[in-house]
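Everything below belongs to input02.csv, which stores CSV, N, CA and C atoms.
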chain,number,residue,atom,x,y,z
W,9,MET,N,-3.0,-10.2,-8.3
W,9,MET,CA,-3.8,-10.3,-7.1
W,9,MET,C,-3.8,-11.7,-6.6
W,10,SER,N,-4.1,-12.7,-7.5
W,10,SER,CA,-4.2,-14.1,-7.1
W,10,SER,C,-2.8,-14.6,-6.6
W,11,LYS,N,-1.8,-14.2,-7.2
W,11,LYS,CA,-0.4,-14.6,-6.8
W,11,LYS,C,-0.2,-14.1,-5.4
W,12,ASP,N,-0.6,-12.9,-5.1
W,12,ASP,CA,-0.4,-12.4,-3.7
W,12,ASP,C,-1.2,-13.2,-2.7
W,13,LYS,N,-2.4,-13.6,-3.1
W,13,LYS,CA,-3.2,-14.4,-2.2
W,13,LYS,C,-2.6,-15.8,-2.0
W,14,ALA,N,-2.0,-16.4,-3.1
W,14,ALA,CA,-1.4,-17.7,-3.0
W,14,ALA,C,-0.2,-17.6,-2.1
W,15,ALA,N,0.6,-16.5,-2.3
W,15,ALA,CA,1.8,-16.4,-1.5
W,15,ALA,C,1.5,-16.3,0.0
W,16,ASP,N,0.4,-15.5,0.3
W,16,ASP,CA,-0.1,-15.4,1.7
W,16,ASP,C,-0.6,-16.8,2.2
W,17,TYR,N,-1.3,-17.5,1.4
W,17,TYR,CA,-1.8,-18.8,1.7
W,17,TYR,C,-0.6,-19.8,2.1
W,18,PHE,N,0.4,-19.8,1.2
W,18,PHE,CA,1.6,-20.7,1.5
W,18,PHE,C,2.3,-20.2,2.7
W,19,GLY,N,2.3,-19.0,3.1
W,19,GLY,CA,2.9,-18.5,4.3
W,19,GLY,C,2.2,-18.9,5.5
W,20,ARG,N,0.9,-19.2,5.4
W,20,ARG,CA,0.1,-19.6,6.6
W,20,ARG,C,-0.2,-21.1,6.7
W,21,HIS,N,-0.1,-21.8,5.5
W,21,HIS,CA,-0.5,-23.2,5.5
W,21,HIS,C,0.6,-24.1,5.0
W,22,LYS,N,0.6,-25.3,5.4
W,22,LYS,CA,1.6,-26.3,4.9
W,22,LYS,C,1.3,-27.0,3.7
W,23,ASN,N,0.1,-26.8,3.1
W,23,ASN,CA,-0.3,-27.5,1.9
W,23,ASN,C,0.6,-27.2,0.8
W,24,ASP,N,0.7,-28.1,-0.2
W,24,ASP,CA,1.5,-27.9,-1.3
W,24,ASP,C,0.9,-27.2,-2.5
W,25,GLU,N,-0.4,-27.0,-2.5
W,25,GLU,CA,-1.1,-26.3,-3.5
W,25,GLU,C,-2.3,-25.6,-3.0
W,26,CYS,N,-2.8,-24.6,-3.7
W,26,CYS,CA,-4.0,-24.0,-3.4
W,26,CYS,C,-4.7,-23.6,-4.7
W,27,HIS,N,-6.0,-23.3,-4.6
W,27,HIS,CA,-6.9,-23.0,-5.7
W,27,HIS,C,-7.7,-21.7,-5.4
W,28,ILE,N,-7.7,-20.8,-6.3
W,28,ILE,CA,-8.3,-19.5,-6.1
W,28,ILE,C,-9.4,-19.3,-7.2
W,29,THR,N,-10.6,-19.0,-6.7
W,29,THR,CA,-11.7,-18.8,-7.6
W,29,THR,C,-11.7,-17.3,-8.1
W,30,SER,N,-12.5,-17.1,-9.1
W,30,SER,CA,-12.5,-15.7,-9.7
W,30,SER,C,-12.9,-14.6,-8.8
W,31,ASP,N,-13.6,-15.0,-7.7
W,31,ASP,CA,-14.0,-13.9,-6.7
W,31,ASP,C,-12.9,-13.8,-5.6
W,32,GLY,N,-11.8,-14.5,-5.7
W,32,GLY,CA,-10.7,-14.3,-4.8
W,32,GLY,C,-10.7,-15.3,-3.6
W,33,ARG,N,-11.6,-16.2,-3.5
W,33,ARG,CA,-11.6,-17.1,-2.4
W,33,ARG,C,-10.5,-18.2,-2.6
W,34,VAL,N,-9.9,-18.6,-1.6
W,34,VAL,CA,-8.8,-19.6,-1.6
W,34,VAL,C,-9.2,-20.9,-1.1
W,35,PHE,N,-9.0,-22.0,-1.8
W,35,PHE,CA,-9.4,-23.3,-1.3
W,35,PHE,C,-8.2,-24.3,-1.3
W,36,HIS,N,-8.3,-25.2,-0.3
W,36,HIS,CA,-7.2,-26.2,-0.1
W,36,HIS,C,-7.2,-27.2,-1.3
W,37,THR,N,-8.4,-27.6,-1.7
W,37,THR,CA,-8.5,-28.7,-2.8
W,37,THR,C,-9.2,-28.1,-4.0
W,38,ILE,N,-8.9,-28.8,-5.1
W,38,ILE,CA,-9.5,-28.3,-6.4
W,38,ILE,C,-11.0,-28.7,-6.4
W,39,GLY,N,-11.4,-29.8,-5.8
W,39,GLY,CA,-12.8,-30.1,-5.8
W,39,GLY,C,-13.6,-29.1,-5.1
W,40,SER,N,-13.1,-28.6,-3.9
W,40,SER,CA,-13.9,-27.6,-3.2
W,40,SER,C,-14.0,-26.3,-4.0
W,41,ALA,N,-12.9,-25.9,-4.7
W,41,ALA,CA,-12.9,-24.7,-5.5
W,41,ALA,C,-13.9,-24.9,-6.7
W,42,GLN,N,-13.9,-26.1,-7.3
W,42,GLN,CA,-14.8,-26.3,-8.4
W,42,GLN,C,-16.2,-26.2,-8.0
W,43,SER,N,-16.5,-26.8,-6.9
W,43,SER,CA,-17.9,-26.8,-6.3
W,43,SER,C,-18.4,-25.4,-6.1
W,44,PHE,N,-17.5,-24.6,-5.5
W,44,PHE,CA,-17.9,-23.2,-5.2
W,44,PHE,C,-18.0,-22.4,-6.5
W,45,ALA,N,-17.0,-22.6,-7.4
W,45,ALA,CA,-17.0,-21.8,-8.6
W,45,ALA,C,-18.2,-22.1,-9.5
W,46,ALA,N,-18.8,-23.3,-9.4
W,46,ALA,CA,-19.9,-23.6,-10.2
W,46,ALA,C,-21.1,-22.6,-10.0
W,47,GLY,N,-21.2,-22.0,-8.9
W,47,GLY,CA,-22.2,-21.0,-8.6
W,47,GLY,C,-21.8,-19.6,-9.0
W,48,LEU,N,-20.7,-19.4,-9.5
W,48,LEU,CA,-20.2,-18.0,-9.8
W,48,LEU,C,-20.5,-17.8,-11.3
W,49,LYS,N,-20.6,-16.5,-11.7
W,49,LYS,CA,-20.8,-16.1,-13.1
W,49,LYS,C,-19.5,-16.5,-13.8
W,50,ASP,N,-18.3,-16.2,-13.2
W,50,ASP,CA,-17.0,-16.6,-13.8
W,50,ASP,C,-16.5,-17.8,-13.1
W,51,ALA,N,-16.5,-19.0,-13.7
W,51,ALA,CA,-16.1,-20.2,-12.9
W,51,ALA,C,-14.6,-20.5,-13.1
W,52,GLU,N,-13.8,-19.5,-13.4
W,52,GLU,CA,-12.4,-19.7,-13.6
W,52,GLU,C,-11.7,-20.0,-12.3
W,53,ILE,N,-10.8,-20.9,-12.3
W,53,ILE,CA,-10.0,-21.2,-11.0
W,53,ILE,C,-8.5,-21.2,-11.4
W,54,GLU,N,-7.8,-20.5,-10.6
W,54,GLU,CA,-6.3,-20.5,-10.7
W,54,GLU,C,-5.7,-21.4,-9.7
W,55,SER,N,-4.8,-22.3,-10.1
W,55,SER,CA,-4.2,-23.2,-9.1
W,55,SER,C,-2.7,-22.8,-9.0
W,56,PHE,N,-2.2,-22.9,-7.8
W,56,PHE,CA,-0.8,-22.6,-7.6
W,56,PHE,C,-0.1,-23.7,-6.8
W,57,LYS,N,1.2,-23.9,-7.0
W,57,LYS,CA,1.9,-24.9,-6.3
W,57,LYS,C,3.0,-24.2,-5.4
W,58,ARG,N,3.2,-24.7,-4.2
W,58,ARG,CA,4.2,-24.2,-3.3
W,58,ARG,C,5.6,-24.1,-4.0
W,59,THR,N,5.9,-25.1,-4.7
W,59,THR,CA,7.3,-25.2,-5.3
W,59,THR,C,7.5,-24.0,-6.2
W,60,ASP,N,6.5,-23.5,-6.9
W,60,ASP,CA,6.6,-22.4,-7.8
W,60,ASP,C,7.0,-21.1,-7.0
W,61,PHE,N,6.5,-21.0,-5.8
W,61,PHE,CA,6.8,-19.8,-5.0
W,61,PHE,C,8.1,-19.9,-4.3
W,62,GLU,N,8.5,-21.1,-4.0
W,62,GLU,CA,9.8,-21.3,-3.4
W,62,GLU,C,10.9,-21.0,-4.4
W,63,LYS,N,10.7,-21.5,-5.6
W,63,LYS,CA,11.7,-21.2,-6.7
W,63,LYS,C,11.8,-19.7,-7.0
W,64,GLN,N,10.6,-19.0,-7.0
W,64,GLN,CA,10.6,-17.6,-7.3
W,64,GLN,C,11.3,-16.8,-6.2
W,65,THR,N,11.0,-17.2,-4.9
W,65,THR,CA,11.7,-16.6,-3.8
W,65,THR,C,13.2,-16.7,-3.9
W,66,SER,N,13.7,-17.9,-4.3
W,66,SER,CA,15.1,-18.1,-4.4
W,66,SER,C,15.7,-17.3,-5.5
W,67,GLU,N,15.0,-17.2,-6.7
W,67,GLU,CA,15.4,-16.4,-7.8
W,67,GLU,C,15.5,-14.9,-7.4
W,68,ASP,N,14.4,-14.4,-6.7
W,68,ASP,CA,14.4,-13.0,-6.2
W,68,ASP,C,15.6,-12.7,-5.3
W,69,SER,N,15.9,-13.7,-4.5
W,69,SER,CA,17.0,-13.5,-3.5
W,69,SER,C,18.3,-13.4,-4.3
W,70,GLN,N,18.5,-14.3,-5.3
W,70,GLN,CA,19.7,-14.2,-6.1
W,70,GLN,C,19.8,-12.9,-6.9
W,71,ASP,N,18.7,-12.5,-7.5
W,71,ASP,CA,18.6,-11.2,-8.2
W,71,ASP,C,19.0,-10.0,-7.3
W,72,SER,N,18.4,-10.1,-6.1
W,72,SER,CA,18.7,-9.0,-5.1
W,72,SER,C,20.2,-9.0,-4.7
W,73,THR,N,20.8,-10.2,-4.5
W,73,THR,CA,22.2,-10.3,-4.2
W,73,THR,C,23.0,-9.7,-5.3
W,74,PHE,N,22.7,-10.1,-6.6
W,74,PHE,CA,23.4,-9.6,-7.7
W,74,PHE,C,23.3,-8.1,-7.8
W,75,ASP,N,22.1,-7.6,-7.6
W,75,ASP,CA,21.9,-6.1,-7.7
W,75,ASP,C,22.8,-5.4,-6.6
W,76,GLU,N,22.8,-5.9,-5.4
W,76,GLU,CA,23.6,-5.3,-4.4
W,76,GLU,C,25.1,-5.4,-4.7
W,77,ILE,N,25.6,-6.5,-5.3
W,77,ILE,CA,27.0,-6.6,-5.7
W,77,ILE,C,27.3,-5.6,-6.8
W,78,ALA,N,26.4,-5.5,-7.8
W,78,ALA,CA,26.6,-4.6,-8.9
W,78,ALA,C,26.6,-3.1,-8.4
W,79,LYS,N,25.7,-2.8,-7.5
W,79,LYS,CA,25.7,-1.4,-6.9
W,79,LYS,C,27.0,-1.1,-6.2
W,80,SER,N,27.5,-2.1,-5.4
W,80,SER,CA,28.7,-2.0,-4.7
W,80,SER,C,29.9,-1.7,-5.6
W,81,VAL,N,30.0,-2.5,-6.7
W,81,VAL,CA,31.0,-2.3,-7.7
W,81,VAL,C,30.9,-0.9,-8.3
W,82,ALA,N,29.7,-0.5,-8.6
W,82,ALA,CA,29.5,0.8,-9.2
W,82,ALA,C,29.9,2.0,-8.3
W,83,LEU,N,29.6,1.8,-7.0
W,83,LEU,CA,30.0,2.8,-6.0
W,83,LEU,C,31.5,2.9,-5.9
W,84,GLU,N,32.2,1.7,-6.0
W,84,GLU,CA,33.7,1.7,-5.9
W,84,GLU,C,34.2,2.4,-7.2
W,85,ALA,N,33.6,2.2,-8.3
W,85,ALA,CA,34.0,2.9,-9.5
W,85,ALA,C,33.8,4.4,-9.4
W,86,LEU,N,32.8,4.8,-8.8
W,86,LEU,CA,32.5,6.2,-8.6
W,86,LEU,C,33.5,6.9,-7.7
W,87,LYS,N,34.1,6.2,-6.8
W,87,LYS,CA,35.2,6.7,-5.9
W,87,LYS,C,36.4,7.1,-6.7
W,88,THR,N,36.7,6.3,-7.7
W,88,THR,CA,37.9,6.6,-8.5
W,88,THR,C,37.6,7.3,-9.9
W,89,PHE,N,36.3,7.6,-10.1
W,89,PHE,CA,35.9,8.2,-11.3
W,89,PHE,C,36.5,9.6,-11.5
W,90,ASP,N,37.2,9.8,-12.7
W,90,ASP,CA,37.7,11.1,-13.0
W,90,ASP,C,37.0,11.7,-14.2
W,91,PRO,N,36.2,12.6,-14.1
W,91,PRO,CA,35.4,13.1,-15.3
W,91,PRO,C,36.4,13.7,-16.3
W,92,ALA,N,37.5,14.2,-16.0
W,92,ALA,CA,38.4,14.8,-16.9
W,92,ALA,C,39.0,13.8,-17.9
W,93,THR,N,39.2,12.6,-17.4
W,93,THR,CA,39.9,11.5,-18.3
W,93,THR,C,38.9,10.4,-18.7
W,94,ALA,N,37.7,10.4,-18.2
W,94,ALA,CA,36.8,9.3,-18.6
W,94,ALA,C,36.3,9.5,-20.0
W,95,LYS,N,36.1,8.4,-20.6
W,95,LYS,CA,35.6,8.3,-22.0
W,95,LYS,C,34.1,8.1,-21.9
W,96,TYR,N,33.4,8.5,-23.0
W,96,TYR,CA,32.0,8.4,-23.0
W,96,TYR,C,31.4,7.1,-22.7
W,97,PRO,N,31.9,5.9,-23.2
W,97,PRO,CA,31.3,4.6,-22.9
W,97,PRO,C,31.4,4.3,-21.4
W,98,GLU,N,32.5,4.7,-20.8
W,98,GLU,CA,32.7,4.5,-19.3
W,98,GLU,C,31.6,5.3,-18.5
W,99,ILE,N,31.5,6.6,-19.0
W,99,ILE,CA,30.5,7.5,-18.3
W,99,ILE,C,29.1,6.9,-18.4
W,100,LYS,N,28.7,6.5,-19.6
W,100,LYS,CA,27.4,6.0,-19.8
W,100,LYS,C,27.2,4.7,-19.0
W,101,GLU,N,28.2,3.8,-18.9
W,101,GLU,CA,28.1,2.6,-18.2
W,101,GLU,C,27.9,2.9,-16.7
W,102,LEU,N,28.7,3.8,-16.2
W,102,LEU,CA,28.6,4.2,-14.7
W,102,LEU,C,27.2,4.7,-14.4
W,103,VAL,N,26.7,5.6,-15.3
W,103,VAL,CA,25.3,6.1,-15.0
W,103,VAL,C,24.3,4.9,-15.0
W,104,LYS,N,24.5,4.0,-15.9
W,104,LYS,CA,23.6,2.9,-16.0
W,104,LYS,C,23.7,2.0,-14.8
W,105,MET,N,24.9,1.7,-14.3
W,105,MET,CA,25.1,0.8,-13.2
W,105,MET,C,24.6,1.4,-11.9
W,106,LEU,N,24.7,2.7,-11.8
W,106,LEU,CA,24.2,3.4,-10.6
W,106,LEU,C,22.7,3.7,-10.6
W,107,GLY,N,22.1,3.5,-11.8
W,107,GLY,CA,20.7,3.8,-12.0
W,107,GLY,C,20.3,5.3,-11.9
W,108,ILE,N,21.3,6.1,-12.4
W,108,ILE,CA,21.1,7.6,-12.3
W,108,ILE,C,20.2,8.0,-13.5
W,109,GLU,N,19.3,8.9,-13.2
W,109,GLU,CA,18.5,9.5,-14.3
W,109,GLU,C,19.2,10.7,-14.8
W,110,SER,N,19.2,10.9,-16.2
W,110,SER,CA,19.8,12.0,-16.8
W,110,SER,C,18.8,12.6,-17.8
W,111,THR,N,18.9,13.9,-18.0
W,111,THR,CA,18.0,14.5,-18.9
W,111,THR,C,18.2,14.1,-20.4
W,112,THR,N,19.4,13.9,-20.8
W,112,THR,CA,19.8,13.3,-22.1
W,112,THR,C,21.0,12.4,-21.9
W,113,LEU,N,21.3,11.7,-23.0
W,113,LEU,CA,22.5,10.8,-23.0
W,113,LEU,C,23.8,11.5,-23.5
W,114,LYS,N,23.7,12.8,-23.5
W,114,LYS,CA,24.9,13.6,-24.0
W,114,LYS,C,25.9,13.6,-22.8
W,115,GLN,N,27.2,13.6,-23.2
W,115,GLN,CA,28.2,13.5,-22.1
W,115,GLN,C,28.1,14.6,-21.1
W,116,PRO,N,27.9,15.9,-21.4
W,116,PRO,CA,27.9,16.9,-20.4
W,116,PRO,C,26.7,16.6,-19.4
W,117,ASP,N,25.6,16.2,-19.9
W,117,ASP,CA,24.4,15.9,-19.0
W,117,ASP,C,24.7,14.7,-18.1
W,118,LEU,N,25.4,13.7,-18.7
W,118,LEU,CA,25.7,12.5,-17.9
W,118,LEU,C,26.7,12.8,-16.8
W,119,LEU,N,27.7,13.7,-17.1
W,119,LEU,CA,28.6,14.1,-16.1
W,119,LEU,C,28.0,14.9,-15.0
W,120,ALA,N,27.0,15.8,-15.4
W,120,ALA,CA,26.3,16.6,-14.4
W,120,ALA,C,25.4,15.7,-13.5
W,121,ALA,N,24.9,14.6,-14.1
W,121,ALA,CA,24.0,13.7,-13.3
W,121,ALA,C,24.9,12.9,-12.3
W,122,ILE,N,26.1,12.6,-12.7
W,122,ILE,CA,27.0,11.8,-11.9
W,122,ILE,C,27.5,12.8,-10.7
W,123,GLU,N,27.8,14.0,-11.0
W,123,GLU,CA,28.2,14.9,-10.0
W,123,GLU,C,27.0,15.2,-8.9
W,124,ALA,N,25.8,15.3,-9.5
W,124,ALA,CA,24.7,15.5,-8.6
W,124,ALA,C,24.5,14.3,-7.7
W,125,TYR,N,24.7,13.1,-8.3
W,125,TYR,CA,24.6,11.8,-7.5
W,125,TYR,C,25.6,11.8,-6.4
W,126,LYS,N,26.9,12.2,-6.7
W,126,LYS,CA,28.0,12.2,-5.8
W,126,LYS,C,27.6,13.2,-4.6
W,127,THR,N,27.1,14.3,-5.0
W,127,THR,CA,26.7,15.3,-4.0
W,127,THR,C,25.7,14.8,-3.0
W,128,ALA,N,24.7,14.1,-3.6
W,128,ALA,CA,23.6,13.5,-2.8
W,128,ALA,C,24.1,12.4,-1.9
W,129,LEU,N,25.0,11.6,-2.4
W,129,LEU,CA,25.7,10.6,-1.6
W,129,LEU,C,26.4,11.2,-0.4
W,130,ASN,N,27.2,12.2,-0.7
W,130,ASN,CA,27.9,12.9,0.4
W,130,ASN,C,27.0,13.4,1.5
W,131,LEU,N,25.9,14.0,1.1
W,131,LEU,CA,24.9,14.5,2.0
W,131,LEU,C,24.3,13.4,2.9
W,132,GLU,N,24.0,12.3,2.2
W,132,GLU,CA,23.4,11.2,3.0
W,132,GLU,C,24.4,10.6,4.0
W,133,ILE,N,25.7,10.5,3.6
W,133,ILE,CA,26.7,10.0,4.5
W,133,ILE,C,27.0,10.9,5.7
W,134,GLN,N,26.9,12.3,5.5
W,134,GLN,CA,27.1,13.2,6.5
W,134,GLN,C,26.0,13.3,7.5
W,135,GLU,N,24.8,12.9,7.1
W,135,GLU,CA,23.6,13.0,8.0
W,135,GLU,C,23.6,11.9,8.9
What does the file become when written as structure tokens?
Amino acid sequence: MSKDKAADYFGRHKNDECHITSDGRVFHTIGSAQSFAAGLKDAEIESFKRTDFEKQTSEDSQDSTFDEIAKSVALEALKTFDPATAKYPEIKELVKMLGIESTTLKQPDLLAAIEAYKTALNLEIQE
């Protein structure tokens, strides 16, 4: 919750840090936060720096790009996937890469899950 408030704060203010009291109030300076928190039952203060959020945003963006590339590679593999000749490790890896849910990790169930996924994809593309 405090991280969300800090992210919102940095989105609206140019300050490099903010301080959030246990009741959720956000302050520009640590002194103001400490003065206010002294009157609270829980005087805890969380402090955040803008650089921590900029770094996190950059990492999230990189993770998102990596996930998109991995999904694209998996979809290409799905186009050439032949269930008759595929070996179990390939099948299992494809299911994992596509994020497909399967009832069990047995080969027939994995193949059924892949087929259901392909059918769902075809329906989405046709719509």
**OP:** Compare W:Asp16, W:Asp31, W:Asp50, W:Asp117 by their minimum atom-to-atom distance to Tyr96 (chain W), counting only C-alpha atoms, and give me the closest one.
**Re:**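 Among the listed residues, the smallest separation from Tyr96 (chain W) belongs to W:Asp117.
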**OP:** May I ask for the distance between atom C of Tyr125 (chain W) and CA of Ile99 (chain W), given in Å to one decimal place?
**Re:**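 Going from atom C of Tyr125 (chain W) over to CA of Ile99 (chain W), I get 13.6 Å.
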Subject >> Separation of atom N of Thr93 (chain W) from CA of Glu76 (chain W), in Å and rounded to one decimal >> reply: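 Computed distance, atom N of Thr93 (chain W) to CA of Glu76 (chain W), equals 27.1 Å.
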Original post:
Out of W:Phe61, W:Leu119, W:Ser110, W:Gly39, which residue has the shortest atom-to-atom distance to Ala14 (chain W) when counting all atoms listed in the file?
Top reply: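 Smallest distance to Ala14 (chain W) is found for W:Phe61.
Across the structure, atom C of Ala78 (chain W) and atom C of Asn130 (chain W) are spaced 19.2 Å apart.
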Subject >> Among the residues W:Pro91, W:Phe35, W:Ala45, W:Leu118, the one that comes closest to Val103 (chain W) [using all atoms listed in the file] >> reply: W:Leu118
